[in-house]
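File shown: upload-v2.pdb. Contents: PDB, C-alpha atoms, pLDDT in the B column.
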```
ATOM      1  CA  ILE A  22      28.441  -5.015 -14.945  1.00 62.00           C
ATOM      2  CA  ALA A  23      31.259  -2.467 -15.200  1.00 66.00           C
ATOM      3  CA  THR A  24      33.594  -5.241 -16.344  1.00 77.00           C
ATOM      4  CA  PHE A  25      31.603  -5.848 -19.506  1.00 77.00           C
ATOM      5  CA  VAL A  26      30.034  -2.442 -20.193  1.00 71.00           C
ATOM      6  CA  PRO A  27      32.067   0.721 -20.811  1.00 75.00           C
ATOM      7  CA  PHE A  28      31.660   3.406 -18.166  1.00 77.00           C
ATOM      8  CA  SER A  29      30.802   6.011 -20.809  1.00 74.00           C
ATOM      9  CA  PHE A  30      27.601   4.007 -21.286  1.00 73.00           C
ATOM     10  CA  LEU A  31      26.927   3.386 -17.603  1.00 78.00           C
ATOM     11  CA  ASP A  32      27.416   6.978 -16.465  1.00 82.00           C
ATOM     12  CA  HIS A  33      24.297   8.140 -18.328  1.00 82.00           C
ATOM     13  CA  ALA A  34      22.305   5.181 -17.005  1.00 81.00           C
ATOM     14  CA  ILE A  35      23.394   6.033 -13.453  1.00 83.00           C
ATOM     15  CA  SER A  36      22.388   9.663 -14.009  1.00 85.00           C
ATOM     16  CA  ALA A  37      18.982   8.615 -15.354  1.00 85.00           C
ATOM     17  CA  ALA A  38      18.389   6.276 -12.403  1.00 85.00           C
ATOM     18  CA  ALA A  39      19.353   8.991  -9.895  1.00 89.00           C
ATOM     19  CA  LEU A  40      17.039  11.527 -11.542  1.00 90.00           C
ATOM     20  CA  ILE A  41      14.142   9.056 -11.639  1.00 88.00           C
ATOM     21  CA  THR A  42      14.759   8.307  -7.962  1.00 89.00           C
ATOM     22  CA  LEU A  43      14.512  12.025  -7.208  1.00 92.00           C
ATOM     23  CA  CYS A  44      11.230  12.171  -9.145  1.00 90.00           C
ATOM     24  CA  ILE A  45       9.850   9.361  -6.987  1.00 89.00           C
ATOM     25  CA  ALA A  46      11.002  11.193  -3.849  1.00 90.00           C
ATOM     26  CA  ASN A  47       9.296  14.390  -5.037  1.00 90.00           C
ATOM     27  CA  TRP A  48       6.111  12.433  -5.734  1.00 87.00           C
ATOM     28  CA  SER A  49       6.259  11.124  -2.166  1.00 86.00           C
ATOM     29  CA  VAL A  50       6.723  14.639  -0.768  1.00 87.00           C
ATOM     30  CA  VAL A  51       3.679  15.854  -2.712  1.00 87.00           C
ATOM     31  CA  SER A  52       1.653  12.894  -1.457  1.00 84.00           C
ATOM     32  CA  LEU A  53       2.692  13.565   2.141  1.00 83.00           C
ATOM     33  CA  ARG A  54       1.896  17.244   1.879  1.00 82.00           C
ATOM     34  CA  ILE A  55      -1.521  16.726   0.310  1.00 83.00           C
ATOM     35  CA  ASN A  56      -2.939  13.757   2.203  1.00 78.00           C
ATOM     36  CA  ASN A  57      -0.389  12.527   4.753  1.00 74.00           C
ATOM     37  CA  GLY A  58       0.669   9.677   2.456  1.00 69.00           C
ATOM     38  CA  GLU A  59      -2.747   8.032   2.337  1.00 77.00           C
ATOM     39  CA  PRO A  60      -3.567   6.481  -1.061  1.00 76.00           C
ATOM     40  CA  SER A  61      -5.446   8.813  -3.384  1.00 80.00           C
ATOM     41  CA  ALA A  62      -6.435   7.665  -6.850  1.00 83.00           C
ATOM     42  CA  GLU A  63      -7.057  11.248  -7.961  1.00 86.00           C
ATOM     43  CA  LEU A  64      -3.587  12.391  -6.894  1.00 86.00           C
ATOM     44  CA  ASP A  65      -1.917   9.327  -8.426  1.00 86.00           C
ATOM     45  CA  VAL A  66      -3.568   9.912 -11.805  1.00 89.00           C
ATOM     46  CA  LEU A  67      -2.642  13.596 -11.784  1.00 90.00           C
ATOM     47  CA  MET A  68       0.943  12.883 -10.742  1.00 90.00           C
ATOM     48  CA  MET A  69       1.351  10.208 -13.428  1.00 91.00           C
ATOM     49  CA  GLN A  70       0.040  12.682 -16.006  1.00 91.00           C
ATOM     50  CA  TYR A  71       2.356  15.420 -14.708  1.00 93.00           C
ATOM     51  CA  ASN A  72       5.410  13.114 -14.799  1.00 91.00           C
ATOM     52  CA  PHE A  73       4.587  11.944 -18.325  1.00 92.00           C
ATOM     53  CA  ASP A  74       4.025  15.508 -19.536  1.00 93.00           C
ATOM     54  CA  ALA A  75       7.307  16.717 -18.035  1.00 92.00           C
ATOM     55  CA  PHE A  76       9.203  13.894 -19.731  1.00 91.00           C
ATOM     56  CA  MET A  77       7.483  14.541 -23.067  1.00 91.00           C
ATOM     57  CA  ILE A  78       8.287  18.270 -22.894  1.00 92.00           C
ATOM     58  CA  GLY A  79      11.937  17.325 -22.440  1.00 90.00           C
ATOM     59  CA  ILE A  80      11.829  14.897 -25.385  1.00 88.00           C
ATOM     60  CA  LEU A  81      10.052  17.375 -27.648  1.00 90.00           C
ATOM     61  CA  THR A  82      12.368  20.276 -26.845  1.00 91.00           C
ATOM     62  CA  GLN A  83      15.415  18.076 -27.393  1.00 86.00           C
ATOM     63  CA  HIS A  84      14.391  16.259 -30.579  1.00 83.00           C
ATOM     64  CA  CYS A  85      11.324  17.792 -32.230  1.00 84.00           C
ATOM     65  CA  ILE A  86      11.405  21.554 -31.678  1.00 84.00           C
ATOM     66  CA  ASP A  87      12.534  22.206 -35.274  1.00 86.00           C
ATOM     67  CA  THR A  88       9.361  20.827 -36.834  1.00 87.00           C
ATOM     68  CA  ARG A  89       5.913  22.370 -36.943  1.00 90.00           C
ATOM     69  CA  VAL A  90       4.330  19.186 -35.595  1.00 90.00           C
ATOM     70  CA  GLY A  91       6.842  19.161 -32.736  1.00 87.00           C
ATOM     71  CA  ARG A  92       6.026  22.759 -31.787  1.00 90.00           C
ATOM     72  CA  VAL A  93       2.275  22.065 -31.865  1.00 92.00           C
ATOM     73  CA  MET A  94       2.707  18.942 -29.736  1.00 92.00           C
ATOM     74  CA  LEU A  95       4.923  20.904 -27.344  1.00 91.00           C
ATOM     75  CA  MET A  96       2.230  23.568 -27.009  1.00 93.00           C
ATOM     76  CA  LEU A  97      -0.497  20.982 -26.358  1.00 93.00           C
ATOM     77  CA  ILE A  98       1.556  19.081 -23.798  1.00 92.00           C
ATOM     78  CA  SER A  99       2.516  22.363 -22.112  1.00 92.00           C
ATOM     79  CA  ILE A 100      -1.171  23.203 -21.723  1.00 94.00           C
ATOM     80  CA  SER A 101      -1.780  19.712 -20.327  1.00 92.00           C
ATOM     81  CA  THR A 102       1.107  20.168 -17.880  1.00 91.00           C
ATOM     82  CA  ILE A 103      -0.211  23.504 -16.639  1.00 92.00           C
ATOM     83  CA  THR A 104      -3.744  22.174 -16.158  1.00 92.00           C
ATOM     84  CA  THR A 105      -2.441  19.054 -14.394  1.00 91.00           C
ATOM     85  CA  PHE A 106      -0.236  21.196 -12.163  1.00 89.00           C
ATOM     86  CA  TRP A 107      -3.237  23.353 -11.300  1.00 89.00           C
ATOM     87  CA  GLY A 108      -5.334  20.236 -10.668  1.00 88.00           C
ATOM     88  CA  ILE A 109      -2.759  19.019  -8.144  1.00 86.00           C
ATOM     89  CA  LEU A 110      -2.646  22.409  -6.416  1.00 83.00           C
ATOM     90  CA  VAL A 111      -6.426  22.589  -5.898  1.00 82.00           C
ATOM     91  CA  ILE A 112      -6.806  19.116  -4.341  1.00 80.00           C
ATOM     92  CA  PRO A 113      -8.040  19.658  -0.772  1.00 76.00           C
ATOM     93  CA  ARG A 114      -5.182  19.013   1.659  1.00 73.00           C
ATOM     94  CA  SER A 115      -5.426  16.914   4.758  1.00 71.00           C
ATOM     95  CA  GLY A 116      -1.679  16.891   5.253  1.00 63.00           C
ATOM     96  CA  HIS A 117       0.917  19.562   5.871  1.00 64.00           C
ATOM     97  CA  GLY A 118       0.215  23.031   4.544  1.00 64.00           C
ATOM     98  CA  ALA A 119       3.718  23.411   3.099  1.00 69.00           C
ATOM     99  CA  PRO A 120       3.910  24.670  -0.482  1.00 76.00           C
ATOM    100  CA  LEU A 121       4.026  22.175  -3.322  1.00 82.00           C
ATOM    101  CA  LEU A 122       5.923  24.395  -5.724  1.00 84.00           C
ATOM    102  CA  LEU A 123       9.449  23.109  -5.027  1.00 88.00           C
ATOM    103  CA  PRO A 124       8.764  19.362  -5.347  1.00 90.00           C
ATOM    104  CA  MET A 125       6.662  19.977  -8.460  1.00 90.00           C
ATOM    105  CA  ILE A 126       9.387  22.088 -10.094  1.00 92.00           C
ATOM    106  CA  GLY A 127      11.970  19.512  -9.004  1.00 92.00           C
ATOM    107  CA  THR A 128       9.964  16.744 -10.668  1.00 92.00           C
ATOM    108  CA  PHE A 129       9.679  18.739 -13.885  1.00 92.00           C
ATOM    109  CA  VAL A 130      13.386  19.589 -14.007  1.00 94.00           C
ATOM    110  CA  ASN A 131      14.418  15.991 -13.244  1.00 93.00           C
ATOM    111  CA  TRP A 132      12.283  14.564 -16.069  1.00 92.00           C
ATOM    112  CA  TYR A 133      13.529  17.291 -18.391  1.00 92.00           C
ATOM    113  CA  LEU A 134      17.115  16.275 -17.587  1.00 91.00           C
ATOM    114  CA  VAL A 135      16.334  12.570 -18.046  1.00 90.00           C
ATOM    115  CA  ALA A 136      15.000  13.392 -21.519  1.00 89.00           C
ATOM    116  CA  GLN A 137      18.342  15.011 -22.389  1.00 88.00           C
ATOM    117  CA  LEU A 138      20.281  11.779 -21.801  1.00 86.00           C
ATOM    118  CA  ARG A 139      21.060   9.130 -24.393  1.00 83.00           C
ATOM    119  CA  TRP A 140      18.307   6.739 -25.452  1.00 82.00           C
ATOM    120  CA  THR A 141      20.479   3.807 -24.467  1.00 81.00           C
ATOM    121  CA  ALA A 142      20.665   5.104 -20.889  1.00 80.00           C
ATOM    122  CA  MET A 143      16.881   5.431 -20.670  1.00 80.00           C
ATOM    123  CA  LEU A 144      16.457   1.960 -22.149  1.00 83.00           C
ATOM    124  CA  THR A 145      18.950   0.521 -19.644  1.00 80.00           C
ATOM    125  CA  VAL A 146      17.064   2.081 -16.730  1.00 80.00           C
ATOM    126  CA  LEU A 147      13.726   0.816 -18.083  1.00 81.00           C
ATOM    127  CA  VAL A 148      15.114  -2.719 -18.423  1.00 85.00           C
ATOM    128  CA  TRP A 149      16.548  -2.520 -14.897  1.00 80.00           C
ATOM    129  CA  LEU A 150      13.256  -1.231 -13.452  1.00 81.00           C
ATOM    130  CA  GLY A 151      11.362  -3.908 -15.387  1.00 85.00           C
ATOM    131  CA  ALA A 152      13.603  -6.658 -14.026  1.00 86.00           C
ATOM    132  CA  ALA A 153      13.302  -5.336 -10.473  1.00 82.00           C
ATOM    133  CA  SER A 154       9.507  -5.062 -10.812  1.00 80.00           C
ATOM    134  CA  ALA A 155       9.243  -8.564 -12.252  1.00 86.00           C
ATOM    135  CA  TYR A 156      11.309  -9.922  -9.366  1.00 84.00           C
ATOM    136  CA  TYR A 157       9.184  -8.075  -6.812  1.00 78.00           C
ATOM    137  CA  TYR A 158       5.867  -9.183  -8.279  1.00 79.00           C
ATOM    138  CA  SER A 159       6.997 -12.777  -8.705  1.00 81.00           C
ATOM    139  CA  CYS A 160       8.680 -13.259  -5.331  1.00 76.00           C
ATOM    140  CA  CYS A 161       7.471 -10.702  -2.821  1.00 63.00           C
ATOM    141  CA  ARG A 162       3.963  -9.637  -3.758  1.00 58.00           C
ATOM    142  CA  GLY A 163       1.320 -10.919  -1.410  1.00 57.00           C
ATOM    143  CA  ARG A 164       3.828 -11.792   1.302  1.00 53.00           C
ATOM    144  CA  TYR A 165       3.682  -8.399   3.002  1.00 49.00           C
ATOM    145  CA  ASP A 166       0.820  -7.745   5.366  1.00 47.00           C
ATOM    146  CA  SER A 167       0.404  -3.988   5.628  1.00 48.00           C
ATOM    147  CA  HIS A 168      -1.711  -4.253   8.770  1.00 45.00           C
ATOM    148  CA  THR A 169       0.949  -5.995  10.832  1.00 46.00           C
ATOM    149  CA  ASN A 170       3.985  -4.725   8.884  1.00 45.00           C
ATOM    150  CA  ILE A 171       5.609  -8.137   8.654  1.00 45.00           C
ATOM    151  CA  LEU A 172       6.514 -10.415   5.806  1.00 44.00           C
ATOM    152  CA  MET A 173       4.071 -13.300   5.771  1.00 47.00           C
ATOM    153  CA  GLY A 174       5.799 -16.566   6.559  1.00 47.00           C
ATOM    154  CA  MET A 175       8.811 -14.727   7.964  1.00 47.00           C
ATOM    155  CA  ASN A 176       7.446 -14.121  11.445  1.00 45.00           C
ATOM    156  CA  LYS A 177       9.585 -16.213  13.807  1.00 46.00           C
ATOM    157  CA  SER A 178       7.576 -15.440  16.952  1.00 47.00           C
ATOM    158  CA  PRO A 179       5.970 -18.409  18.724  1.00 47.00           C
ATOM    159  CA  ARG A 180       2.266 -19.078  18.298  1.00 50.00           C
ATOM    160  CA  ILE A 181       0.085 -17.539  20.952  1.00 50.00           C
ATOM    161  CA  GLU A 182      -2.616 -19.834  22.233  1.00 53.00           C
ATOM    162  CA  LYS A 183      -6.156 -18.629  22.821  1.00 52.00           C
ATOM    163  CA  GLY A 184      -6.621 -16.997  26.215  1.00 54.00           C
ATOM    164  CA  THR A 185      -2.932 -16.165  26.662  1.00 53.00           C
ATOM    165  CA  GLU A 186      -2.255 -12.652  27.927  1.00 51.00           C
ATOM    166  CA  ILE A 187      -0.059 -10.650  25.603  1.00 50.00           C
ATOM    167  CA  SER A 188       2.238  -8.025  27.073  1.00 50.00           C
ATOM    168  CA  MET A 189       3.204  -5.195  24.785  1.00 48.00           C
ATOM    169  CA  PRO A 190       6.817  -4.023  24.750  1.00 49.00           C
ATOM    170  CA  ARG A 191       7.398  -1.133  27.083  1.00 47.00           C
ATOM    171  CA  SER A 192       8.449   2.212  25.713  1.00 46.00           C
ATOM    172  CA  ASP A 193      11.723   3.855  26.676  1.00 46.00           C
ATOM    173  CA  CYS A 194       9.776   6.444  28.694  1.00 48.00           C
ATOM    174  CA  GLU A 195       8.184   3.757  30.878  1.00 50.00           C
ATOM    175  CA  CYS A 196      11.568   2.182  31.533  1.00 44.00           C
ATOM    176  CA  ALA A 197      13.082   5.577  32.354  1.00 44.00           C
ATOM    177  CA  LYS A 198      10.248   6.304  34.827  1.00 50.00           C
ATOM    178  CA  GLU A 199      10.931   3.030  36.675  1.00 49.00           C
ATOM    179  CA  LEU A 200      14.639   3.821  36.938  1.00 46.00           C
ATOM    180  CA  GLN A 201      13.918   7.231  38.463  1.00 50.00           C
ATOM    181  CA  CYS A 202      11.788   5.771  41.289  1.00 45.00           C
TER     182      CYS A 202
END
```
If you took the structure in this file and wrote it as structure tokens, what would it be?
Amino acid sequence: IATFVPFSFLDHAISAAALITLCIANWSVVSLRINNGEPSAELDVLMMQYNFDAFMIGILTQHCIDTRVGRVMLMLISISTITTFWGILVIPRSGHGAPLLLPMIGTFVNWYLVAQLRWTAMLTVLVWLGAASAYYYSCCRGRYDSHTNILMGMNKSPRIEKGTEISMPRSDCECAKELQC
């Protein structure tokens, strides 16, 4: 890609991709801290709203702060961000009791910085994410079995006939105990 596209264009796209990656990592930290990573529709909706609001605050402060409509929209989205943030904080936690403030602030700052980049960089990242998502959903979706953690059709182990005893792999501790005897 660097052969055909000037680096002055790619550097902003790389920055946007890195910041979006950090937002995803922060989302994961929040999910782990609230409910040990278990799926939660309520948390997902609130986090999507929070991410969108943070990005829109960055866009509005960069491009629309000079207009009355922009200031009103900024005020409304700021209120939405605060209420969404509070909604995330009051979700009952089943995970770690660590504070959520740092990953939430990190998410906000990352989206704010993404909004400061060139439109072409954001468009490039969106096209790249769209292509990667299309590839995933066309080729890989449905092939992963979350209960056995293997790709379906990729398991090279021999078939086990009915009535055959299955021995589980021994842990390192069991092997170490045998060596000590």
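Counting only C-alpha atoms and comparing A:Ile80, A:Leu110, A:Pro27, A:Thr102, the residue that lies closest to A:Leu64 is A:Leu110.
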Check your understanding: Closest to A:Met125 among A:Leu97, A:Ala37, A:Ala153, A:Ile45, using only C-alpha atoms?
Key -> A:Ile45
Review point. Between atom CA of A:Phe129 and atom CA of A:Ala152, what is the distance, to one decimal in Å?
Key: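 The value is 25.7 Å.
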Practice item. Might you spell out which residues the PyMOL selection byres ((chain A and resi 111) around 12) would select in the displayed file, as a list of chain:residue names? Key: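 Checking the PyMOL selection byres ((chain A and resi 111) around 12) against this file, the residues are A:Ile55, A:Glu63, A:Leu64, A:Leu67, A:Thr104, A:Thr105, A:Phe106, A:Trp107, A:Gly108, A:Ile109, A:Leu110, A:Ile112, A:Pro113, A:Arg114, A:Pro120, A:Leu121.
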Revision key, fill the gap. Separating atom CA of A:Val146 from atom CA of A:Pro124, to the nearest tenth of an Å, is a gap of 22.3 Å
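From atom CA of A:Leu122 back to atom CA of A:Leu95, the distance works out to 21.9 Å.
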Check your understanding: Which is closest to A:Ser29 among A:Cys160, A:Val50, A:Ala142, A:Leu147, if we use all atoms listed in the file?
Key ->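 Closest to A:Ser29 of all the choices is A:Ala142.
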Check your understanding: For this file, the PyMOL selection byres ((chain A and resi 30) around 12) selects which residues, as a PyMOL selection string?
Key -> chain A and resi 22-23+25-29+31-37+138-146
**Study point:** Distance criterion (all atoms listed in the file): nearest to A:Leu53 out of A:Met96, A:Gly151, A:Ser115, A:Ile78
**Key:**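 For A:Leu53, the nearest of the given residues is A:Ser115.
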Specify the axis-aligned box that encloses all atoms of stretch 54-72 of chain A listed in the file after padding of 5 Å on each side, stating its centre and edge lengths in Å to one decimal as JSON.
```
{"center_x": -0.8, "center_y": 11.9, "center_z": -5.6, "size_x": 22.5, "size_y": 20.8, "size_z": 30.8}
```
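You can rank A:Met77, A:Met68, A:Thr82, A:Ser61 by their closest distance to A:Trp48 using all atoms listed in the file, and at the top of that list sits A:Met68.
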Study note, to complete from the structure: The residue from A:Ser101, A:Asn56, A:Val130, A:Leu43 with the smallest atom-to-atom distance to A:Tyr71, counting only C-alpha atoms, is A:Ser101
